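For reference, work.txt is printed below; it contains compact mmCIF, C-alpha atoms and all ligand atoms.
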# COMPACT_ATOMS: atom_id res chain seq x y z
CA MET U 1 63.83 129.50 67.39
CA GLU U 2 65.26 127.73 70.38
CA HIS U 3 67.83 129.53 72.54
CA VAL U 4 70.36 127.86 74.81
CA LYS U 5 72.75 129.77 77.04
CA VAL U 6 75.25 128.48 79.60
CA LEU U 7 76.44 130.54 82.56
CA SER U 8 79.84 129.08 83.01
CA SER U 9 83.30 129.17 84.45
CA SER U 10 86.00 127.63 82.30
CA ILE U 11 87.75 126.05 85.30
CA SER U 12 84.57 124.56 86.81
CA ALA U 13 84.37 120.77 86.43
CA PHE U 14 80.62 121.10 86.95
CA THR U 15 80.31 123.49 84.02
CA MET U 16 82.43 121.24 81.80
CA ARG U 17 79.80 118.52 82.20
CA VAL U 18 77.18 120.77 80.66
CA LEU U 19 79.42 121.82 77.78
CA ILE U 20 80.36 118.21 77.00
CA GLY U 21 76.71 117.15 77.18
CA LEU U 22 75.60 119.87 74.74
CA GLU U 23 78.48 119.13 72.40
CA GLU U 24 77.75 115.39 72.40
CA LYS U 25 74.15 116.16 71.48
CA GLY U 26 75.17 118.68 68.84
CA VAL U 27 73.29 121.53 70.50
CA LYS U 28 74.47 125.07 69.72
CA TYR U 29 74.69 127.39 72.70
CA GLU U 30 75.70 130.83 73.84
CA TYR U 31 78.44 130.92 76.46
CA GLN U 32 78.79 133.44 79.29
CA GLU U 33 81.89 133.30 81.47
CA GLU U 34 81.45 134.24 85.13
CA ASN U 35 84.36 135.44 87.24
CA LEU U 36 83.94 133.39 90.39
CA LEU U 37 86.63 135.26 92.29
CA ALA U 38 85.07 138.66 91.60
CA LYS U 39 81.49 139.91 91.27
CA LYS U 40 78.89 137.49 89.93
CA SER U 41 76.69 138.75 87.11
CA ASP U 42 73.16 139.94 87.81
CA LEU U 43 71.99 137.26 85.40
CA LEU U 44 73.61 134.49 87.47
CA LEU U 45 72.08 135.83 90.70
CA GLN U 46 68.71 136.07 89.01
CA MET U 47 68.87 132.63 87.36
CA ASN U 48 70.30 130.73 90.34
CA PRO U 49 69.14 132.67 93.39
CA VAL U 50 69.27 129.57 95.58
CA TYR U 51 72.93 128.55 95.18
CA LYS U 52 74.33 131.48 93.12
CA LYS U 53 76.66 129.00 91.40
CA VAL U 54 77.61 127.95 87.89
CA PRO U 55 76.66 126.13 85.79
CA VAL U 56 73.22 127.37 84.85
CA LEU U 57 71.59 126.29 81.60
CA ILE U 58 69.08 128.83 80.32
CA HIS U 59 66.75 127.20 77.81
CA ASN U 60 64.38 129.60 76.07
CA GLY U 61 64.71 131.98 79.03
CA LYS U 62 64.12 129.37 81.74
CA PRO U 63 66.95 128.34 84.09
CA ILE U 64 67.99 124.85 85.11
CA CYS U 65 70.61 124.55 87.86
CA GLU U 66 72.90 121.84 89.26
CA SER U 67 75.14 120.12 86.74
CA LEU U 68 73.83 116.56 87.06
CA ILE U 69 70.24 117.76 86.84
CA ILE U 70 71.17 119.86 83.81
CA LEU U 71 72.85 116.87 82.18
CA GLN U 72 69.73 114.77 82.66
CA TYR U 73 67.63 117.63 81.29
CA ILE U 74 69.88 117.80 78.22
CA ASP U 75 69.50 114.05 77.77
CA GLU U 76 65.72 114.20 77.98
CA THR U 77 65.34 117.32 75.84
CA TRP U 78 67.64 116.43 72.95
CA ASP U 79 67.00 112.71 72.85
CA SER U 80 68.73 111.84 69.57
CA LYS U 81 71.64 110.07 71.24
CA PRO U 82 70.93 108.90 74.81
CA LEU U 83 73.48 109.60 77.52
CA LEU U 84 71.93 107.63 80.37
CA PRO U 85 71.72 103.85 79.99
CA SER U 86 68.36 102.42 78.99
CA LYS U 87 67.82 99.95 81.86
CA PRO U 88 66.57 101.35 85.20
CA TYR U 89 69.23 99.48 87.20
CA ASP U 90 72.06 100.77 85.01
CA ARG U 91 70.63 104.28 85.22
CA ALA U 92 70.55 104.07 89.01
CA ILE U 93 74.16 102.89 89.10
CA ALA U 94 75.28 105.71 86.81
CA ARG U 95 73.50 108.26 89.02
CA PHE U 96 74.95 106.67 92.16
CA TRP U 97 78.56 107.05 91.01
CA ALA U 98 78.00 110.56 89.68
CA ASP U 99 76.59 111.51 93.08
CA PHE U 100 79.52 109.74 94.77
CA ALA U 101 81.95 111.81 92.70
CA ASP U 102 80.31 115.02 93.88
CA LYS U 103 80.05 114.01 97.51
CA LYS U 104 83.35 112.18 98.00
CA PHE U 105 85.85 112.83 95.19
CA PHE U 106 85.08 116.53 94.78
CA ASP U 107 85.05 117.05 98.53
CA SER U 108 88.56 115.61 98.85
CA GLY U 109 89.69 117.85 95.98
CA VAL U 110 88.34 120.96 97.69
CA ARG U 111 90.14 119.96 100.86
CA ILE U 112 93.42 119.50 98.97
CA VAL U 113 93.10 123.01 97.57
CA LYS U 114 92.16 124.61 100.88
CA SER U 115 94.31 122.81 103.45
CA LYS U 116 97.85 122.00 104.54
CA ASP U 117 99.76 119.66 106.85
CA GLU U 118 97.71 116.88 108.42
CA ALA U 119 94.41 117.93 106.83
CA LEU U 120 96.09 117.96 103.42
CA GLU U 121 97.47 114.45 103.93
CA GLU U 122 94.02 113.25 104.98
CA ALA U 123 92.45 114.82 101.88
CA LYS U 124 95.02 113.13 99.62
CA HIS U 125 94.33 109.79 101.28
CA ASP U 126 90.58 110.27 100.78
CA MET U 127 91.06 111.17 97.12
CA LEU U 128 93.05 108.00 96.46
CA GLU U 129 90.39 105.98 98.25
CA SER U 130 87.66 107.54 96.07
CA LEU U 131 89.68 106.69 92.96
CA GLN U 132 89.94 103.10 94.18
CA PHE U 133 86.15 102.94 94.41
CA LEU U 134 85.82 104.40 90.91
CA GLU U 135 88.36 101.91 89.54
CA GLY U 136 86.21 99.13 91.03
CA ALA U 137 83.05 100.63 89.53
CA LEU U 138 84.66 100.85 86.11
CA LYS U 139 85.88 97.26 86.38
CA GLU U 140 82.35 96.11 87.08
CA ILE U 141 80.57 98.27 84.51
CA SER U 142 83.11 97.64 81.76
CA ALA U 143 83.18 93.87 82.32
CA GLU U 144 86.82 93.87 83.45
CA GLY U 145 87.83 96.51 80.91
CA SER U 146 86.38 94.84 77.83
CA LEU U 147 84.04 97.80 77.27
CA PRO U 148 85.60 101.25 76.79
CA PHE U 149 83.40 103.54 78.90
CA PHE U 150 81.41 103.92 82.11
CA GLY U 151 78.52 104.02 79.67
CA GLY U 152 79.54 100.55 78.45
CA LYS U 153 80.26 100.62 74.74
CA ASP U 154 79.16 104.25 74.47
CA PHE U 155 80.47 107.41 76.11
CA GLY U 156 77.59 108.50 78.34
CA PHE U 157 76.23 110.28 81.41
CA LEU U 158 78.71 108.89 83.96
CA ASP U 159 81.67 109.38 81.64
CA ILE U 160 80.71 113.04 81.31
CA ALA U 161 80.09 113.43 85.04
CA LEU U 162 83.54 112.06 85.88
CA ILE U 163 85.91 113.11 83.10
CA SER U 164 85.53 116.80 83.94
CA PHE U 165 87.50 116.22 87.12
CA ALA U 166 90.52 115.09 85.07
CA SER U 167 91.19 118.76 84.33
CA TRP U 168 91.91 119.22 88.06
CA PHE U 169 94.33 116.30 88.54
CA HIS U 170 97.38 118.45 87.79
CA ALA U 171 96.28 121.09 90.34
CA TYR U 172 95.62 118.46 93.01
CA GLU U 173 99.01 116.86 92.38
CA SER U 174 100.91 120.15 92.37
CA ILE U 175 99.30 121.51 95.50
CA GLY U 176 99.39 118.17 97.30
CA ASN U 177 102.94 117.54 96.11
CA PHE U 178 102.11 113.97 95.13
CA LYS U 179 101.51 111.89 92.04
CA ILE U 180 98.26 110.01 91.58
CA PRO U 181 99.46 106.47 90.75
CA PHE U 182 97.12 105.93 87.81
CA GLU U 183 99.22 103.41 85.91
CA SER U 184 100.03 101.14 88.84
CA GLU U 185 96.88 101.48 90.98
CA TYR U 186 94.08 102.54 88.66
CA PRO U 187 94.94 101.09 85.23
CA LEU U 188 91.36 101.01 83.96
CA LEU U 189 90.79 104.65 84.94
CA ASP U 190 94.13 105.54 83.36
CA ALA U 191 93.16 104.04 80.01
CA TRP U 192 89.64 105.48 80.29
CA VAL U 193 90.91 109.05 80.89
CA LYS U 194 93.17 108.80 77.84
CA ARG U 195 90.30 107.44 75.75
CA CYS U 196 87.92 110.22 76.83
CA MET U 197 90.56 112.89 76.14
CA GLU U 198 90.52 111.88 72.49
CA ARG U 199 86.90 112.97 72.10
CA ASP U 200 86.24 116.34 70.51
CA SER U 201 83.58 117.23 73.08
CA VAL U 202 86.03 116.64 75.94
CA LYS U 203 88.97 118.37 74.23
CA LYS U 204 86.80 121.40 73.65
CA ALA U 205 85.42 121.64 77.21
CA LEU U 206 88.46 120.88 79.34
CA PRO U 207 90.73 123.87 80.02
CA PRO U 208 94.55 123.68 80.05
CA ALA U 209 95.84 122.15 83.29
CA ASP U 210 98.00 125.19 84.13
CA ARG U 211 94.98 127.52 84.02
CA VAL U 212 93.20 125.33 86.56
CA LEU U 213 96.28 125.26 88.78
CA GLU U 214 96.54 129.04 88.61
CA PHE U 215 92.90 129.35 89.70
CA ALA U 216 93.40 126.82 92.52
CA LEU U 217 96.44 128.75 93.78
CA GLN U 218 94.39 131.95 93.77
CA VAL U 219 91.73 130.22 95.87
CA ARG U 220 94.45 129.03 98.25
CA LYS U 221 95.67 132.60 98.57
CA ILE U 222 92.18 133.95 99.23
CA TYR U 223 91.71 131.34 101.97
CA ASP U 224 95.14 132.31 103.33
CA VAL U 225 96.17 128.66 103.57
CA ASP U 226 99.96 128.97 103.52
C1 LIG H 301 78.11 122.63 92.25
C2 LIG H 301 78.40 123.89 91.45
C3 LIG H 301 79.62 124.64 92.00
O1 LIG H 301 80.19 124.31 93.03
C4 LIG H 301 76.61 121.52 90.54
O2 LIG H 301 76.34 122.31 89.63
O3 LIG H 301 76.73 120.31 90.35
N1 LIG H 301 76.47 121.01 92.89
C5 LIG H 301 76.73 122.05 91.97
N2 LIG H 301 79.99 125.71 91.27
C6 LIG H 301 81.09 126.53 91.70
C7 LIG H 301 82.18 126.53 90.65
S1 LIG H 301 82.97 124.97 90.51
O4 LIG H 301 83.56 124.68 91.93
C8 LIG H 301 80.63 127.97 91.88
O5 LIG H 301 79.84 128.48 91.11
N3 LIG H 301 81.13 128.63 92.91
C9 LIG H 301 80.83 129.98 93.21
C10 LIG H 301 80.57 130.20 94.65
O6 LIG H 301 80.61 129.24 95.43
O7 LIG H 301 80.33 131.33 95.03
Serialized structure, structure tokens:
Amino acid sequence: MEHVKVLSSSISAFTMRVLIGLEEKGVKYEYQEENLLAKKSDLLLQMNPVYKKVPVLIHNGKPICESLIILQYIDETWDSKPLLPSKPYDRAIARFWADFADKKFFDSGVRIVKSKDEALEEAKHDMLESLQFLEGALKEISAEGSLPFFGGKDFGFLDIALISFASWFHAYESIGNFKIPFESEYPLLDAWVKRCMERDSVKKALPPADRVLEFALQVRKIYDVD
């Protein structure tokens, strides 16, 4: 009997990727919540001794770490319904933008949560710039919006990698005291977010926006930002 366990945090966009991936593939799993602001479990430290972070996927006792690597592992292991595109070029592009989201978009989000004044304004500017790049990527991949997803006609790897961050938009906007101009500036992303939110896998994995904000405010307090 196969056993799948996820070491998780409900507010972690990285963890949400893994949950959506498993759900899309119809894989049953055991869920273990980690309290990131308190003591990490011995199991997490043992399974991810390098980074000590969630998510970790434990498959038949063996750990896999790093959300994008886990998502690719899920895709290769349960290959009924592919998440990555079939052509090498399309796969490379999907991986490129997922990596971009982690390096650029996520980084600006962390800076919004942990900064104020000039640094906060800079972080907000960088986030809007990242969204502009993603709007352009979606325009290209979706043939000007005629296909519904970053995966083209199907919801796939890059959709999963990106949609998890939508759960943090409210926190970024509240802390940054600004409104991300989705409708006017990023209309394709706006429609795409709404479309993804209708999927059961996404609905199930994404936490309520106010819970994420509460967590972000706790982080801000710990870092003594204000
Ligand atoms: C990032 C995981 C991560 O930052 C991935 O899996 O893709 N590159 C990795 N996990 C955070 C929670 S989400 O912000 C985490 O576990 N933090 C605990 C800590 O830093 O101690």
Straight-line distance linking atom CA of U:Ala216 with atom CA of U:Met16, stated in Å to one decimal: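 Separation between atom CA of U:Ala216 and atom CA of U:Met16: 16.3 Å.
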Ligand LIG 301 (chain H) neighbours within 10 Å using all atoms listed in the file, as a PyMOL selection string: chain U and resi 7-18+34-40+44+48+51-56+64-71+98-99+102-103+106+110+161
Protein and nucleic acid residues near (81.6, 106.9, 91.6) (cut-off 7 Å, all atoms listed in the file) as a list in words: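 With a cut-off of 7 Å, the residues come to Phe96, Trp97, Ala98, Asp99, Phe100, Ala101, Phe133, Leu134 and Ala137 of chain U.
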Atom CA of U:Glu198 to atom CA of U:Val4, distance in Å rounded to a single decimal: 25.8 Å
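Distance annotation: of U:Glu122, U:Leu138, U:Leu43, U:Asp75, the residue with the minimal separation from U:Lys62 is U:Leu43; atom set is all atoms listed in the file.
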Among the residues U:Val27, U:Val50, U:Ile58, U:Met197, the one that comes closest to U:Val6 [using all atoms listed in the file]: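 Smallest distance to U:Val6 is found for U:Ile58.
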Å distance separating atom CA of U:Gly145 from atom CA of U:His125, one decimal place: 25.2 Å
Surrounding residues of stretch 166-178 of chain U excluding itself and chain neighbours under 2 positions, 6 Å, all atoms listed in the file, as a PyMOL selection string: chain U and resi 163-164+209+213
For U:Glu23: contacts at 9 Å, all atoms listed in the file, fewer than 2 positions along chain excluded, given as a ChimeraX atom specification: /U:18-21,25-28,200-202,204-205
Residues within 12 Å of (91.8, 130.7, 96.3), file coords, all atoms listed in the file, listed as a PyMOL selection string: chain U and resi 36-38+110-115+175+212-226
Shell of 10 Å around stretch 83-93 of chain U, all atoms listed in the file, local chain residues under 6 positions omitted, as a PyMOL selection string: chain U and resi 21+24-25+71-72+74-76+99+137+141+150-152+154-160
Within 10 Å of stretch 180-183 of chain U, which residues of stretch 54-128 of chain U come that close, and what is the closest atom pair and distance in Å for each? Count only C-alpha atoms and give it as a Markdown table.
| residue | atom | partner | partner_atom | distance |
| --- | --- | --- | --- | --- |
| U:Lys124 | CA | U:Ile180 | CA | 9.2 |
| U:Met127 | CA | U:Ile180 | CA | 9.2 |
| U:Leu128 | CA | U:Ile180 | CA | 7.4 |
N, CA and C atoms are needed for stretch 78-105 of chain U; please write them out as a PDB file, in the coordinates of the input.
ATOM      1  N   TRP U  78      67.096 116.715  74.284  1.00  0.00           N
ATOM      2  CA  TRP U  78      67.640 116.430  72.950  1.00  0.00           C
ATOM      3  C   TRP U  78      67.933 114.930  72.944  1.00  0.00           C
ATOM      4  N   ASP U  79      66.920 114.148  72.581  1.00  0.00           N
ATOM      5  CA  ASP U  79      67.000 112.710  72.850  1.00  0.00           C
ATOM      6  C   ASP U  79      67.519 111.878  71.683  1.00  0.00           C
ATOM      7  N   SER U  80      68.209 112.562  70.739  1.00  0.00           N
ATOM      8  CA  SER U  80      68.730 111.840  69.570  1.00  0.00           C
ATOM      9  C   SER U  80      69.703 110.727  69.955  1.00  0.00           C
ATOM     10  N   LYS U  81      70.589 111.034  70.897  1.00  0.00           N
ATOM     11  CA  LYS U  81      71.640 110.070  71.240  1.00  0.00           C
ATOM     12  C   LYS U  81      71.672 109.985  72.771  1.00  0.00           C
ATOM     13  N   PRO U  82      71.080 108.933  73.349  1.00  0.00           N
ATOM     14  CA  PRO U  82      70.930 108.900  74.810  1.00  0.00           C
ATOM     15  C   PRO U  82      72.252 108.881  75.555  1.00  0.00           C
ATOM     16  N   LEU U  83      72.280 109.591  76.676  1.00  0.00           N
ATOM     17  CA  LEU U  83      73.480 109.600  77.520  1.00  0.00           C
ATOM     18  C   LEU U  83      73.341 108.623  78.688  1.00  0.00           C
ATOM     19  N   LEU U  84      72.152 108.584  79.271  1.00  0.00           N
ATOM     20  CA  LEU U  84      71.930 107.630  80.370  1.00  0.00           C
ATOM     21  C   LEU U  84      71.643 106.246  79.776  1.00  0.00           C
ATOM     22  N   PRO U  85      72.034 105.188  80.494  1.00  0.00           N
ATOM     23  CA  PRO U  85      71.720 103.850  79.990  1.00  0.00           C
ATOM     24  C   PRO U  85      70.213 103.626  79.912  1.00  0.00           C
ATOM     25  N   SER U  86      69.804 102.614  79.180  1.00  0.00           N
ATOM     26  CA  SER U  86      68.360 102.420  78.990  1.00  0.00           C
ATOM     27  C   SER U  86      67.712 101.650  80.150  1.00  0.00           C
ATOM     28  N   LYS U  87      68.449 100.758  80.807  1.00  0.00           N
ATOM     29  CA  LYS U  87      67.820  99.950  81.860  1.00  0.00           C
ATOM     30  C   LYS U  87      67.814 100.692  83.192  1.00  0.00           C
ATOM     31  N   PRO U  88      66.672 100.618  83.931  1.00  0.00           N
ATOM     32  CA  PRO U  88      66.570 101.350  85.200  1.00  0.00           C
ATOM     33  C   PRO U  88      67.720 101.057  86.168  1.00  0.00           C
ATOM     34  N   TYR U  89      68.151  99.802  86.261  1.00  0.00           N
ATOM     35  CA  TYR U  89      69.230  99.480  87.200  1.00  0.00           C
ATOM     36  C   TYR U  89      70.527 100.184  86.780  1.00  0.00           C
ATOM     37  N   ASP U  90      70.834 100.131  85.505  1.00  0.00           N
ATOM     38  CA  ASP U  90      72.060 100.770  85.010  1.00  0.00           C
ATOM     39  C   ASP U  90      71.997 102.287  85.186  1.00  0.00           C
ATOM     40  N   ARG U  91      70.806 102.833  85.018  1.00  0.00           N
ATOM     41  CA  ARG U  91      70.630 104.280  85.220  1.00  0.00           C
ATOM     42  C   ARG U  91      70.896 104.643  86.676  1.00  0.00           C
ATOM     43  N   ALA U  92      70.364 103.813  87.573  1.00  0.00           N
ATOM     44  CA  ALA U  92      70.550 104.070  89.010  1.00  0.00           C
ATOM     45  C   ALA U  92      72.032 104.007  89.371  1.00  0.00           C
ATOM     46  N   ILE U  93      72.729 103.031  88.801  1.00  0.00           N
ATOM     47  CA  ILE U  93      74.160 102.890  89.100  1.00  0.00           C
ATOM     48  C   ILE U  93      74.937 104.093  88.569  1.00  0.00           C
ATOM     49  N   ALA U  94      74.607 104.531  87.377  1.00  0.00           N
ATOM     50  CA  ALA U  94      75.280 105.710  86.810  1.00  0.00           C
ATOM     51  C   ALA U  94      75.046 106.936  87.695  1.00  0.00           C
ATOM     52  N   ARG U  95      73.805 107.104  88.148  1.00  0.00           N
ATOM     53  CA  ARG U  95      73.500 108.260  89.020  1.00  0.00           C
ATOM     54  C   ARG U  95      74.208 108.124  90.363  1.00  0.00           C
ATOM     55  N   PHE U  96      74.288 106.893  90.873  1.00  0.00           N
ATOM     56  CA  PHE U  96      74.950 106.670  92.160  1.00  0.00           C
ATOM     57  C   PHE U  96      76.405 107.130  92.112  1.00  0.00           C
ATOM     58  N   TRP U  97      77.132 106.709  91.064  1.00  0.00           N
ATOM     59  CA  TRP U  97      78.560 107.050  91.010  1.00  0.00           C
ATOM     60  C   TRP U  97      78.787 108.523  90.692  1.00  0.00           C
ATOM     61  N   ALA U  98      77.879 109.126  89.937  1.00  0.00           N
ATOM     62  CA  ALA U  98      78.000 110.560  89.680  1.00  0.00           C
ATOM     63  C   ALA U  98      77.808 111.327  90.992  1.00  0.00           C
ATOM     64  N   ASP U  99      76.851 110.885  91.775  1.00  0.00           N
ATOM     65  CA  ASP U  99      76.590 111.510  93.080  1.00  0.00           C
ATOM     66  C   ASP U  99      77.773 111.263  94.028  1.00  0.00           C
ATOM     67  N   PHE U 100      78.340 110.068  93.964  1.00  0.00           N
ATOM     68  CA  PHE U 100      79.520 109.740  94.770  1.00  0.00           C
ATOM     69  C   PHE U 100      80.670 110.699  94.422  1.00  0.00           C
ATOM     70  N   ALA U 101      80.861 110.928  93.124  1.00  0.00           N
ATOM     71  CA  ALA U 101      81.950 111.810  92.700  1.00  0.00           C
ATOM     72  C   ALA U 101      81.775 113.201  93.301  1.00  0.00           C
ATOM     73  N   ASP U 102      80.544 113.684  93.335  1.00  0.00           N
ATOM     74  CA  ASP U 102      80.310 115.020  93.880  1.00  0.00           C
ATOM     75  C   ASP U 102      80.481 115.046  95.394  1.00  0.00           C
ATOM     76  N   LYS U 103      79.985 113.991  96.049  1.00  0.00           N
ATOM     77  CA  LYS U 103      80.050 114.010  97.510  1.00  0.00           C
ATOM     78  C   LYS U 103      81.439 113.662  98.029  1.00  0.00           C
ATOM     79  N   LYS U 104      82.086 112.675  97.442  1.00  0.00           N
ATOM     80  CA  LYS U 104      83.350 112.180  98.000  1.00  0.00           C
ATOM     81  C   LYS U 104      84.580 112.704  97.254  1.00  0.00           C
ATOM     82  N   PHE U 105      84.637 112.439  95.933  1.00  0.00           N
ATOM     83  CA  PHE U 105      85.850 112.830  95.190  1.00  0.00           C
ATOM     84  C   PHE U 105      86.015 114.349  95.215  1.00  0.00           C
TER      85      PHE U 105
END
